[in-house]
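So this one's my_file36.cif, mmCIF, C-alpha atoms:
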data_start
loop_
_atom_site.label_atom_id
_atom_site.label_comp_id
_atom_site.auth_asym_id
_atom_site.auth_seq_id
_atom_site.Cartn_x
_atom_site.Cartn_y
_atom_site.Cartn_z
CA MET A 1 82.38 -63.33 -41.58
CA GLU A 2 78.74 -64.36 -42.01
CA VAL A 3 75.83 -62.80 -40.18
CA TYR A 4 72.44 -64.47 -39.82
CA GLY A 5 69.57 -62.06 -39.36
CA TYR A 6 66.01 -61.05 -40.11
CA PHE A 7 65.07 -57.56 -41.20
CA ARG A 8 62.54 -57.03 -38.42
CA SER A 9 64.44 -58.57 -35.50
CA SER A 10 65.54 -55.93 -33.00
CA ALA A 11 68.54 -58.00 -32.02
CA ALA A 12 69.69 -58.40 -35.63
CA TYR A 13 69.09 -54.65 -36.16
CA ARG A 14 71.46 -53.91 -33.26
CA LEU A 15 74.17 -55.98 -34.88
CA ARG A 16 73.68 -54.29 -38.26
CA ILE A 17 74.16 -50.87 -36.63
CA ALA A 18 77.32 -52.03 -34.85
CA LEU A 19 78.79 -53.47 -38.04
CA ASN A 20 78.01 -50.23 -39.89
CA LEU A 21 79.51 -48.03 -37.15
CA LYS A 22 82.71 -50.05 -37.37
CA GLY A 23 82.71 -50.08 -41.16
CA LEU A 24 82.65 -53.88 -41.26
CA THR A 25 80.97 -55.91 -43.93
CA ALA A 26 79.66 -59.42 -43.49
CA GLU A 27 78.06 -61.92 -45.80
CA GLN A 28 74.37 -61.82 -44.97
CA ARG A 29 72.20 -64.88 -44.42
CA PHE A 30 68.48 -64.38 -43.97
CA ILE A 31 66.47 -66.44 -41.50
CA HIS A 32 62.77 -65.85 -42.00
CA LEU A 33 61.35 -65.86 -38.48
CA ARG A 34 57.68 -65.85 -39.50
CA ARG A 35 58.32 -68.90 -41.67
CA LYS A 36 60.08 -70.46 -38.65
CA GLU A 37 63.35 -70.96 -40.51
CA GLN A 38 65.09 -70.43 -37.15
CA ARG A 39 63.86 -73.92 -36.14
CA SER A 40 65.40 -75.68 -39.14
CA PRO A 41 68.10 -78.26 -38.25
CA GLY A 42 70.60 -76.31 -40.32
CA TYR A 43 70.10 -73.11 -38.39
CA LEU A 44 69.86 -74.84 -35.00
CA ALA A 45 73.36 -76.16 -35.69
CA VAL A 46 74.49 -72.53 -35.89
CA ASN A 47 72.38 -71.26 -32.97
CA PRO A 48 70.78 -73.95 -30.79
CA MET A 49 68.60 -71.28 -29.14
CA GLY A 50 66.81 -70.82 -32.48
CA LEU A 51 67.10 -67.04 -32.45
CA VAL A 52 68.81 -64.38 -34.53
CA PRO A 53 71.37 -62.94 -34.91
CA ALA A 54 74.36 -65.24 -35.16
CA LEU A 55 77.83 -64.58 -36.48
CA VAL A 56 80.12 -67.21 -37.99
CA GLU A 57 83.83 -66.50 -38.36
CA ASP A 58 86.47 -69.10 -39.23
CA GLY A 59 83.82 -71.79 -38.86
CA ARG A 60 82.99 -70.80 -35.28
CA ALA A 61 79.56 -69.49 -34.37
CA LEU A 62 78.72 -66.80 -31.85
CA THR A 63 75.20 -65.91 -30.75
CA GLN A 64 73.46 -63.19 -28.71
CA SER A 65 73.65 -59.71 -30.20
CA LEU A 66 75.35 -58.14 -27.17
CA ALA A 67 78.01 -60.87 -27.00
CA ILE A 68 78.67 -60.55 -30.73
CA ILE A 69 78.95 -56.76 -30.51
CA ASP A 70 81.32 -57.10 -27.54
CA TYR A 71 83.42 -59.48 -29.64
CA LEU A 72 83.49 -57.06 -32.57
CA ASP A 73 84.40 -54.22 -30.20
CA GLU A 74 87.36 -56.23 -28.91
CA THR A 75 88.55 -57.48 -32.29
CA HIS A 76 87.87 -54.20 -34.18
CA PRO A 77 88.34 -51.56 -31.47
CA THR A 78 87.81 -48.43 -33.58
CA PRO A 79 85.45 -46.68 -33.17
CA ALA A 80 84.87 -47.98 -29.65
CA LEU A 81 81.29 -48.79 -28.71
CA LEU A 82 82.06 -48.76 -24.99
CA PRO A 83 83.70 -45.99 -22.92
CA ARG A 84 87.22 -46.57 -21.61
CA ASP A 85 86.65 -46.27 -17.86
CA PRO A 86 85.07 -49.22 -16.04
CA PHE A 87 82.20 -47.25 -14.53
CA GLY A 88 81.25 -45.70 -17.87
CA ARG A 89 81.52 -49.07 -19.58
CA ALA A 90 79.26 -50.65 -17.00
CA TRP A 91 76.74 -47.84 -17.21
CA VAL A 92 76.52 -48.16 -21.00
CA ARG A 93 76.15 -51.92 -20.62
CA SER A 94 73.39 -51.38 -18.05
CA VAL A 95 71.35 -49.31 -20.53
CA ALA A 96 71.88 -51.93 -23.23
CA LEU A 97 70.86 -54.70 -20.83
CA ALA A 98 67.81 -52.80 -19.56
CA ILE A 99 66.62 -52.93 -23.17
CA ALA A 100 67.90 -56.39 -24.04
CA CYS A 101 66.79 -58.11 -20.82
CA ASP A 102 63.87 -56.09 -19.47
CA ILE A 103 62.04 -54.59 -22.44
CA HIS A 104 62.71 -56.54 -25.61
CA PRO A 105 62.39 -60.21 -24.50
CA VAL A 106 58.87 -59.90 -23.15
CA ASN A 107 57.67 -58.35 -26.40
CA ASN A 108 59.46 -60.19 -29.16
CA LEU A 109 57.83 -62.25 -31.87
CA ARG A 110 57.96 -65.62 -30.11
CA ILE A 111 56.20 -64.20 -27.03
CA LEU A 112 53.52 -62.48 -29.08
CA ASN A 113 53.02 -65.71 -31.04
CA HIS A 114 52.68 -67.68 -27.80
CA LEU A 115 50.17 -65.18 -26.39
CA ARG A 116 48.11 -65.82 -29.55
CA ASP A 117 48.62 -69.56 -30.07
CA GLY A 118 49.22 -70.70 -26.49
CA LEU A 119 46.89 -68.41 -24.53
CA GLY A 120 44.42 -67.48 -27.26
CA LEU A 121 44.79 -63.71 -26.78
CA ASP A 122 43.22 -61.59 -29.51
CA GLU A 123 45.06 -58.75 -31.21
CA PRO A 124 43.86 -55.93 -28.90
CA ALA A 125 44.95 -57.98 -25.85
CA ARG A 126 48.33 -58.69 -27.43
CA ASN A 127 48.78 -55.02 -28.24
CA ALA A 128 47.88 -54.11 -24.65
CA TRP A 129 50.52 -56.55 -23.41
CA TYR A 130 53.08 -54.93 -25.71
CA ALA A 131 52.16 -51.39 -24.67
CA HIS A 132 52.24 -52.32 -20.98
CA TRP A 133 55.86 -53.48 -21.09
CA VAL A 134 56.97 -50.63 -23.30
CA ALA A 135 55.47 -48.11 -20.88
CA GLU A 136 56.97 -49.94 -17.90
CA GLY A 137 60.42 -50.15 -19.48
CA PHE A 138 60.58 -46.75 -21.16
CA ARG A 139 59.64 -44.95 -17.93
CA GLY A 140 62.74 -46.40 -16.28
CA LEU A 141 64.92 -45.97 -19.34
CA GLU A 142 63.97 -42.30 -19.67
CA ALA A 143 65.00 -41.73 -16.04
CA MET A 144 68.29 -43.58 -16.57
CA LEU A 145 69.15 -41.58 -19.69
CA THR A 146 68.13 -38.25 -18.17
CA ALA A 147 70.61 -38.96 -15.36
CA SER A 148 73.40 -40.10 -17.72
CA PRO A 149 76.81 -39.87 -16.04
CA GLN A 150 78.04 -38.23 -19.26
CA PRO A 151 75.21 -36.23 -20.81
CA GLY A 152 75.62 -35.39 -24.47
CA THR A 153 74.21 -35.97 -27.91
CA PHE A 154 73.86 -39.69 -27.32
CA CYS A 155 73.17 -41.94 -24.31
CA PHE A 156 76.73 -41.47 -23.01
CA GLY A 157 78.54 -38.44 -24.35
CA ASP A 158 78.80 -37.30 -27.93
CA GLU A 159 79.64 -40.55 -29.70
CA PRO A 160 77.27 -43.46 -30.18
CA THR A 161 77.81 -46.46 -27.92
CA LEU A 162 76.30 -49.87 -27.37
CA ALA A 163 73.47 -48.12 -25.52
CA ASP A 164 72.39 -46.21 -28.64
CA VAL A 165 72.84 -49.36 -30.73
CA CYS A 166 70.16 -51.00 -28.55
CA LEU A 167 67.94 -47.97 -28.06
CA VAL A 168 67.19 -47.20 -31.71
CA PRO A 169 65.77 -50.66 -32.62
CA GLN A 170 63.67 -50.69 -29.45
CA VAL A 171 62.15 -47.31 -30.32
CA PHE A 172 61.61 -48.44 -33.91
CA ASN A 173 59.59 -51.39 -32.60
CA ALA A 174 57.58 -49.27 -30.17
CA GLU A 175 56.69 -46.89 -33.00
CA ARG A 176 55.70 -49.79 -35.23
CA MET A 177 53.31 -50.93 -32.49
CA ASN A 178 51.95 -47.36 -32.16
CA CYS A 179 53.09 -46.90 -28.56
CA PRO A 180 52.91 -43.25 -27.48
CA LEU A 181 56.40 -41.87 -26.80
CA ASP A 182 55.55 -38.29 -25.77
CA ALA A 183 56.52 -38.96 -22.16
CA TYR A 184 60.11 -39.80 -23.11
CA PRO A 185 61.75 -36.63 -24.47
CA THR A 186 65.31 -37.74 -23.72
CA ILE A 187 64.83 -41.03 -25.51
CA ARG A 188 63.31 -39.23 -28.51
CA ARG A 189 66.10 -36.63 -28.63
CA ILE A 190 68.84 -39.28 -28.56
CA VAL A 191 67.14 -41.48 -31.14
CA ALA A 192 66.67 -38.51 -33.49
CA ALA A 193 70.40 -37.76 -33.24
CA ALA A 194 71.31 -41.39 -33.91
CA ARG A 195 68.94 -41.63 -36.86
CA ALA A 196 70.78 -38.75 -38.51
CA LEU A 197 73.85 -41.01 -38.85
CA PRO A 198 74.25 -43.14 -42.01
CA ALA A 199 75.29 -46.18 -39.93
CA PHE A 200 71.92 -46.19 -38.22
CA GLN A 201 70.00 -45.35 -41.40
CA ALA A 202 71.52 -48.18 -43.42
CA ALA A 203 70.56 -50.66 -40.70
CA GLU A 204 66.84 -49.84 -40.76
CA PRO A 205 64.59 -52.86 -41.29
CA GLY A 206 62.91 -51.41 -44.37
CA ARG A 207 66.26 -51.09 -46.15
CA GLN A 208 67.29 -54.71 -45.79
CA PRO A 209 67.29 -57.13 -48.75
CA ASP A 210 64.82 -59.43 -46.94
CA ALA A 211 62.37 -56.63 -46.06
CA GLU A 212 58.77 -57.27 -47.00
CA MET B 1 80.10 -50.83 -1.61
CA GLU B 2 76.38 -51.45 -1.13
CA VAL B 3 74.37 -54.10 -2.89
CA TYR B 4 70.59 -54.04 -3.16
CA GLY B 5 69.00 -57.45 -3.54
CA TYR B 6 66.23 -59.86 -2.71
CA PHE B 7 66.88 -63.42 -1.64
CA ARG B 8 64.75 -65.00 -4.33
CA SER B 9 65.74 -62.81 -7.30
CA SER B 10 67.80 -64.75 -9.84
CA ALA B 11 69.61 -61.61 -10.88
CA ALA B 12 70.57 -60.73 -7.30
CA TYR B 13 71.63 -64.37 -6.79
CA ARG B 14 74.03 -64.06 -9.76
CA LEU B 15 75.63 -61.01 -8.19
CA ARG B 16 76.00 -62.74 -4.81
CA ILE B 17 77.84 -65.64 -6.47
CA ALA B 18 80.17 -63.26 -8.33
CA LEU B 19 80.97 -61.30 -5.16
CA ASN B 20 81.69 -64.56 -3.31
CA LEU B 21 83.91 -65.93 -6.10
CA LYS B 22 85.95 -62.74 -5.94
CA GLY B 23 86.03 -62.69 -2.15
CA LEU B 24 84.36 -59.27 -2.03
CA THR B 25 82.03 -58.13 0.70
CA ALA B 26 79.36 -55.50 0.30
CA GLU B 27 76.89 -53.93 2.66
CA GLN B 28 73.57 -55.60 1.93
CA ARG B 29 70.30 -53.75 1.44
CA PHE B 30 67.14 -55.78 1.09
CA ILE B 31 64.40 -54.79 -1.32
CA HIS B 32 61.31 -56.88 -0.72
CA LEU B 33 59.92 -57.51 -4.19
CA ARG B 34 56.64 -59.06 -3.09
CA ARG B 35 55.96 -55.99 -0.92
CA LYS B 36 56.82 -53.87 -3.99
CA GLU B 37 59.62 -52.01 -2.21
CA GLN B 38 61.34 -51.80 -5.61
CA ARG B 39 58.72 -49.17 -6.58
CA SER B 40 59.44 -46.89 -3.60
CA PRO B 41 60.76 -43.42 -4.56
CA GLY B 42 63.91 -44.09 -2.55
CA TYR B 43 64.77 -47.22 -4.49
CA LEU B 44 63.72 -45.80 -7.86
CA ALA B 45 66.34 -43.09 -7.25
CA VAL B 46 68.92 -45.91 -7.10
CA ASN B 47 67.47 -47.97 -9.97
CA PRO B 48 64.83 -46.23 -12.10
CA MET B 49 63.95 -49.57 -13.70
CA GLY B 50 62.61 -50.73 -10.30
CA LEU B 51 64.48 -54.03 -10.38
CA VAL B 52 67.21 -55.70 -8.36
CA PRO B 53 70.14 -55.91 -8.05
CA ALA B 54 71.88 -52.55 -7.87
CA LEU B 55 75.33 -51.67 -6.65
CA VAL B 56 76.32 -48.31 -5.18
CA GLU B 57 79.98 -47.36 -4.91
CA ASP B 58 81.29 -43.88 -4.10
CA GLY B 59 77.74 -42.58 -4.36
CA ARG B 60 77.31 -43.84 -7.93
CA ALA B 61 74.75 -46.50 -8.77
CA LEU B 62 75.07 -49.32 -11.28
CA THR B 63 72.24 -51.62 -12.29
CA GLN B 64 71.78 -54.84 -14.29
CA SER B 65 73.46 -57.91 -12.82
CA LEU B 66 75.59 -58.61 -15.91
CA ALA B 67 76.84 -55.01 -16.13
CA ILE B 68 77.67 -54.99 -12.42
CA ILE B 69 79.53 -58.31 -12.67
CA ASP B 70 81.45 -57.01 -15.69
CA TYR B 71 82.39 -53.94 -13.63
CA LEU B 72 83.56 -56.09 -10.73
CA ASP B 73 85.53 -58.28 -13.14
CA GLU B 74 87.32 -55.20 -14.48
CA THR B 75 87.94 -53.56 -11.11
CA HIS B 76 88.78 -56.81 -9.25
CA PRO B 77 90.26 -59.01 -11.97
CA THR B 78 91.16 -62.07 -9.88
CA PRO B 79 89.75 -64.65 -10.24
CA ALA B 80 88.59 -63.73 -13.72
CA LEU B 81 84.99 -64.53 -14.58
CA LEU B 82 85.60 -64.24 -18.31
CA PRO B 83 88.21 -66.06 -20.45
CA ARG B 84 91.11 -64.04 -21.83
CA ASP B 85 90.63 -64.60 -25.56
CA PRO B 86 87.91 -62.59 -27.34
CA PHE B 87 86.11 -65.61 -28.79
CA GLY B 88 86.00 -67.39 -25.43
CA ARG B 89 84.84 -64.23 -23.70
CA ALA B 90 82.06 -63.77 -26.23
CA TRP B 91 80.98 -67.40 -25.97
CA VAL B 92 80.74 -67.18 -22.18
CA ARG B 93 78.81 -63.94 -22.54
CA SER B 94 76.48 -65.61 -25.03
CA VAL B 95 75.57 -68.33 -22.51
CA ALA B 96 75.01 -65.73 -19.80
CA LEU B 97 72.85 -63.66 -22.16
CA ALA B 98 70.86 -66.69 -23.36
CA ILE B 99 69.81 -67.07 -19.73
CA ALA B 100 69.53 -63.38 -18.87
CA CYS B 101 67.71 -62.33 -22.05
CA ASP B 102 65.90 -65.39 -23.34
CA ILE B 103 64.95 -67.51 -20.33
CA HIS B 104 64.81 -65.45 -17.17
CA PRO B 105 62.94 -62.27 -18.25
CA VAL B 106 59.85 -64.04 -19.52
CA ASN B 107 59.48 -65.93 -16.26
CA ASN B 108 60.39 -63.49 -13.53
CA LEU B 109 58.11 -62.32 -10.76
CA ARG B 110 56.74 -59.23 -12.51
CA ILE B 111 55.69 -61.28 -15.55
CA LEU B 112 54.05 -63.97 -13.44
CA ASN B 113 52.26 -61.24 -11.46
CA HIS B 114 51.05 -59.63 -14.67
CA LEU B 115 49.81 -62.96 -16.03
CA ARG B 116 47.75 -63.25 -12.83
CA ASP B 117 46.63 -59.65 -12.29
CA GLY B 118 46.58 -58.37 -15.88
CA LEU B 119 45.41 -61.44 -17.79
CA GLY B 120 43.66 -63.33 -15.00
CA LEU B 121 45.57 -66.57 -15.51
CA ASP B 122 45.13 -69.15 -12.76
CA GLU B 123 48.06 -70.92 -11.13
CA PRO B 124 48.13 -73.98 -13.43
CA ALA B 125 48.15 -71.70 -16.48
CA ARG B 126 50.95 -69.59 -14.99
CA ASN B 127 52.95 -72.73 -14.21
CA ALA B 128 52.42 -73.95 -17.77
CA TRP B 129 53.74 -70.61 -19.07
CA TYR B 130 56.80 -70.99 -16.85
CA ALA B 131 57.45 -74.59 -17.88
CA HIS B 132 57.03 -73.73 -21.57
CA TRP B 133 59.80 -71.14 -21.54
CA VAL B 134 62.10 -73.23 -19.37
CA ALA B 135 61.75 -76.16 -21.78
CA GLU B 136 62.26 -73.89 -24.77
CA GLY B 137 65.32 -72.22 -23.28
CA PHE B 138 66.95 -75.22 -21.62
CA ARG B 139 66.76 -77.25 -24.84
CA GLY B 140 68.92 -74.64 -26.55
CA LEU B 141 71.15 -74.10 -23.55
CA GLU B 142 71.87 -77.82 -23.22
CA ALA B 143 72.93 -77.92 -26.87
CA MET B 144 75.14 -74.85 -26.43
CA LEU B 145 76.85 -76.28 -23.36
CA THR B 146 77.31 -79.73 -24.85
CA ALA B 147 79.17 -78.04 -27.71
CA SER B 148 81.28 -75.83 -25.42
CA PRO B 149 84.43 -74.60 -27.19
CA GLN B 150 86.31 -75.53 -24.02
CA PRO B 151 84.64 -78.54 -22.40
CA GLY B 152 85.44 -79.11 -18.76
CA THR B 153 84.02 -79.15 -15.27
CA PHE B 154 82.10 -75.94 -15.84
CA CYS B 155 80.46 -74.23 -18.82
CA PHE B 156 83.83 -73.14 -20.21
CA GLY B 157 86.81 -75.10 -18.93
CA ASP B 158 87.61 -76.00 -15.36
CA GLU B 159 87.03 -72.69 -13.61
CA PRO B 160 83.65 -71.06 -13.06
CA THR B 161 82.82 -68.12 -15.31
CA LEU B 162 79.98 -65.69 -15.79
CA ALA B 163 78.12 -68.49 -17.58
CA ASP B 164 78.03 -70.66 -14.45
CA VAL B 165 77.14 -67.61 -12.35
CA CYS B 166 73.97 -67.26 -14.46
CA LEU B 167 73.24 -70.96 -14.92
CA VAL B 168 72.97 -71.95 -11.25
CA PRO B 169 70.25 -69.43 -10.27
CA GLN B 170 68.27 -70.32 -13.40
CA VAL B 171 68.34 -74.01 -12.51
CA PHE B 172 67.46 -73.20 -8.90
CA ASN B 173 64.34 -71.40 -10.14
CA ALA B 174 63.38 -74.17 -12.54
CA GLU B 175 63.64 -76.70 -9.70
CA ARG B 176 61.56 -74.49 -7.43
CA MET B 177 58.86 -74.48 -10.11
CA ASN B 178 59.15 -78.29 -10.43
CA CYS B 179 60.27 -78.24 -14.06
CA PRO B 180 61.65 -81.61 -15.17
CA LEU B 181 65.37 -81.38 -15.92
CA ASP B 182 66.10 -85.00 -16.95
CA ALA B 183 66.60 -83.99 -20.57
CA TYR B 184 69.52 -81.70 -19.70
CA PRO B 185 72.38 -83.87 -18.40
CA THR B 186 75.12 -81.38 -19.26
CA ILE B 187 73.31 -78.57 -17.42
CA ARG B 188 72.78 -80.85 -14.41
CA ARG B 189 76.42 -81.99 -14.37
CA ILE B 190 77.77 -78.44 -14.47
CA VAL B 191 75.35 -77.17 -11.84
CA ALA B 192 76.26 -80.03 -9.50
CA ALA B 193 79.94 -79.11 -9.84
CA ALA B 194 79.23 -75.45 -9.17
CA ARG B 195 77.06 -76.23 -6.16
CA ALA B 196 80.01 -78.03 -4.57
CA LEU B 197 81.81 -74.68 -4.30
CA PRO B 198 81.35 -72.56 -1.15
CA ALA B 199 80.94 -69.37 -3.24
CA PHE B 200 77.84 -70.82 -4.86
CA GLN B 201 76.53 -72.37 -1.64
CA ALA B 202 76.76 -69.15 0.36
CA ALA B 203 74.77 -67.32 -2.31
CA GLU B 204 71.77 -69.65 -2.17
CA PRO B 205 68.46 -67.88 -1.58
CA GLY B 206 67.63 -69.88 1.56
CA ARG B 207 70.85 -68.75 3.23
CA GLN B 208 70.24 -65.03 2.87
CA PRO B 209 69.28 -62.83 5.84
CA ASP B 210 66.02 -61.80 4.13
CA ALA B 211 64.98 -65.37 3.29
CA GLU B 212 61.47 -66.32 4.32
#
Using structure tokens, write down the structure that the file contains.
Amino acid sequence: MEVYGYFRSSAAYRLRIALNLKGLTAEQRFIHLRRKEQRSPGYLAVNPMGLVPALVEDGRALTQSLAIIDYLDETHPTPALLPRDPFGRAWVRSVALAIACDIHPVNNLRILNHLRDGLGLDEPARNAWYAHWVAEGFRGLEAMLTASPQPGTFCFGDEPTLADVCLVPQVFNAERMNCPLDAYPTIRRIVAAARALPAFQAAEPGRQPDAE
Amino acid sequence: MEVYGYFRSSAAYRLRIALNLKGLTAEQRFIHLRRKEQRSPGYLAVNPMGLVPALVEDGRALTQSLAIIDYLDETHPTPALLPRDPFGRAWVRSVALAIACDIHPVNNLRILNHLRDGLGLDEPARNAWYAHWVAEGFRGLEAMLTASPQPGTFCFGDEPTLADVCLVPQVFNAERMNCPLDAYPTIRRIVAAARALPAFQAAEPGRQPDAE
């Protein structure tokens, strides 16, 4: 199993956490996003979308962090990253998707680059864009998590799920961009609990071989 | 079962197609996005993220179109919207997520509104933003679909899956914004096949009771 990632990519960070929680090891390939290695013909053959992460197993490639994690959860079911009952599963997925569809994509590197190179926005304007969508998304996320159908240590109960796997990298990014998080006590409590686990710690961007 | 939607929302459109494919009916609630009804306290109690769609069953709310469709696929398994084998399932999910995470979110109504109201972009500049991300995303999507692990009438084989459920609304939106689609023959072929099915036709925005 080979995993293509980049230390600072939120989506690759999610996959690292999931692999660690399941005790799986993969051969790591590093795609340097700032050097635009994701646009090289070789990598586009693995992931035509030109994004990380990707997983290659038995010569077959899979892309999209949430699809890859779902695959790992089906092929390596223990520990489960999704609850057993359909409603709980869907709720955990909805938290993961709120992050993966509604918060992360509007603030990732390619968008920030386009705001700079395509629209000519200066750094304060780009930071304001980032903070706007974090505030917008975290407000809703905090309300979702506070009303968890299974309150506990983590997003859903007392074991980490796909929701926590997505939440921690998103908070890491918001902190890196100096977004105030005081208004989100439930998010902060859950992330602190997750960060106490070695699986989450070992996945941190600063601890990766390609970290700068 | 109640479904909250808006005729022109891509995400609500996906859910309508899935309900139709499964032959399910739901009581429809209309949330007028341009009148900002999604920010009303009543709707934020259903979906704190302030987005459509949402589904309420037995007094419990679920949000995020892909999570809701997954839930429906588990609770009403026939016809299945995901393949049976884990790799196929993950591949179909990866196509759906490429649309739901990497194409749609950067071009939805709230982003276009923010480009206008927050950044002061005029209509040509907003349309250029839209076209940029469609071209970027569709290039990758076309390559993914052309290399489908199970080529057929639809994205994966000869029955519609979650991938087609996401693809058709995305193409509808790109057409509405006059984005050229000549460079994507596989996308166009699959969408034409899907549009021949009554389940897709009945879900079209123009046929909804709240269409303007």
Quiz item: Using all atoms listed in the file, which chain A residues lie at most 8 Å away from chain B, written as a ChimeraX atom specification?
Solution: /A:47-50,62-64,66-68,70-71,74-75,86-87,89-91,93-94,97-98,100-102,105-106,137,139-141,143-144
Quiz prompt | Contact residues around Ala211 of chain A with only C-alpha atoms at 6 Å, ignoring same-chain residues under 3 positions, as a ChimeraX atom specification | solution = /A:7,206,208
Quiz item: If the PyMOL selection byres ((chain B and resi 162) around 8) is run on the structure shown, which residues does it catch, given as number ranges by chain?
Solution: B: 18, 81-82, 92-93, 96, 160-161, 163-166
Next, write the just-selected residues to a file, as a tab-separated table (two decimals), in the coordinates of the input, keeping C-alpha atoms as the atom set.
chain	number	residue	atom	x	y	z
B	18	ALA	CA	80.17	-63.26	-8.33
B	81	LEU	CA	84.99	-64.53	-14.58
B	82	LEU	CA	85.60	-64.24	-18.31
B	92	VAL	CA	80.74	-67.18	-22.18
B	93	ARG	CA	78.81	-63.94	-22.54
B	96	ALA	CA	75.01	-65.73	-19.80
B	160	PRO	CA	83.65	-71.06	-13.06
B	161	THR	CA	82.82	-68.12	-15.31
B	163	ALA	CA	78.12	-68.49	-17.58
B	164	ASP	CA	78.03	-70.66	-14.45
B	165	VAL	CA	77.14	-67.61	-12.35
B	166	CYS	CA	73.97	-67.26	-14.46
Quiz prompt | Contact residues around Asn20 of chain A with all atoms listed in the file at 12 Å, ignoring same-chain residues under 4 positions, as a PyMOL selection string | solution = chain A and resi 13-16+24-26+69+72+78-79+81+160+165+197-204
Quiz prompt | Nearest to Lys36 of chain B by atom-to-atom distance, counting all atoms listed in the file, from B:Arg176, B:Arg110, B:Arg84, B:His76 | solution = B:Arg110
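A straight line drawn from atom CA of Asn108 of chain B to atom CA of Phe156 of chain A is 29.0 Å long.
Our summary of the geometry notes that atom CA of Thr153 of chain B is positioned 13.8 Å from atom CA of Val168 of chain B.
Relative to atom CA of Glu159 of chain A, atom CA of Pro77 of chain A is found at 14.1 Å.
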Self-check item: Shell around Cys179 of chain A at 10 Å using only C-alpha atoms, local window under 2 positions removed, as number ranges by chain
Solution: A: 127-128, 130-132, 134-135, 171, 173-177, 181-182
Keeping only C-alpha atoms, write those residues as an mmCIF file, in the frame of the given file.
data_model
loop_
_atom_site.group_PDB
_atom_site.id
_atom_site.type_symbol
_atom_site.label_atom_id
_atom_site.label_comp_id
_atom_site.auth_asym_id
_atom_site.auth_seq_id
_atom_site.Cartn_x
_atom_site.Cartn_y
_atom_site.Cartn_z
ATOM 1 C CA ASN A 127 48.780 -55.020 -28.240
ATOM 2 C CA ALA A 128 47.880 -54.110 -24.650
ATOM 3 C CA TYR A 130 53.080 -54.930 -25.710
ATOM 4 C CA ALA A 131 52.160 -51.390 -24.670
ATOM 5 C CA HIS A 132 52.240 -52.320 -20.980
ATOM 6 C CA VAL A 134 56.970 -50.630 -23.300
ATOM 7 C CA ALA A 135 55.470 -48.110 -20.880
ATOM 8 C CA VAL A 171 62.150 -47.310 -30.320
ATOM 9 C CA ASN A 173 59.590 -51.390 -32.600
ATOM 10 C CA ALA A 174 57.580 -49.270 -30.170
ATOM 11 C CA GLU A 175 56.690 -46.890 -33.000
ATOM 12 C CA ARG A 176 55.700 -49.790 -35.230
ATOM 13 C CA MET A 177 53.310 -50.930 -32.490
ATOM 14 C CA LEU A 181 56.400 -41.870 -26.800
ATOM 15 C CA ASP A 182 55.550 -38.290 -25.770
#
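Checking B:Tyr184, B:Phe172, B:Tyr43, B:Phe154 one by one against Leu55 of chain B, counting all atoms listed in the file, you find the shortest gap at B:Tyr43.
The nearest approach to Arg8 of chain A among the residues A:Leu109, A:Val56, A:Ala193, A:Ala80, with only C-alpha atoms taken into account, belongs to A:Leu109.
Each of A:Pro83, A:Tyr4, A:Gly23, A:Pro124 was compared to Leu112 of chain A using all atoms listed in the file, and A:Pro124 turns out to be the nearest.
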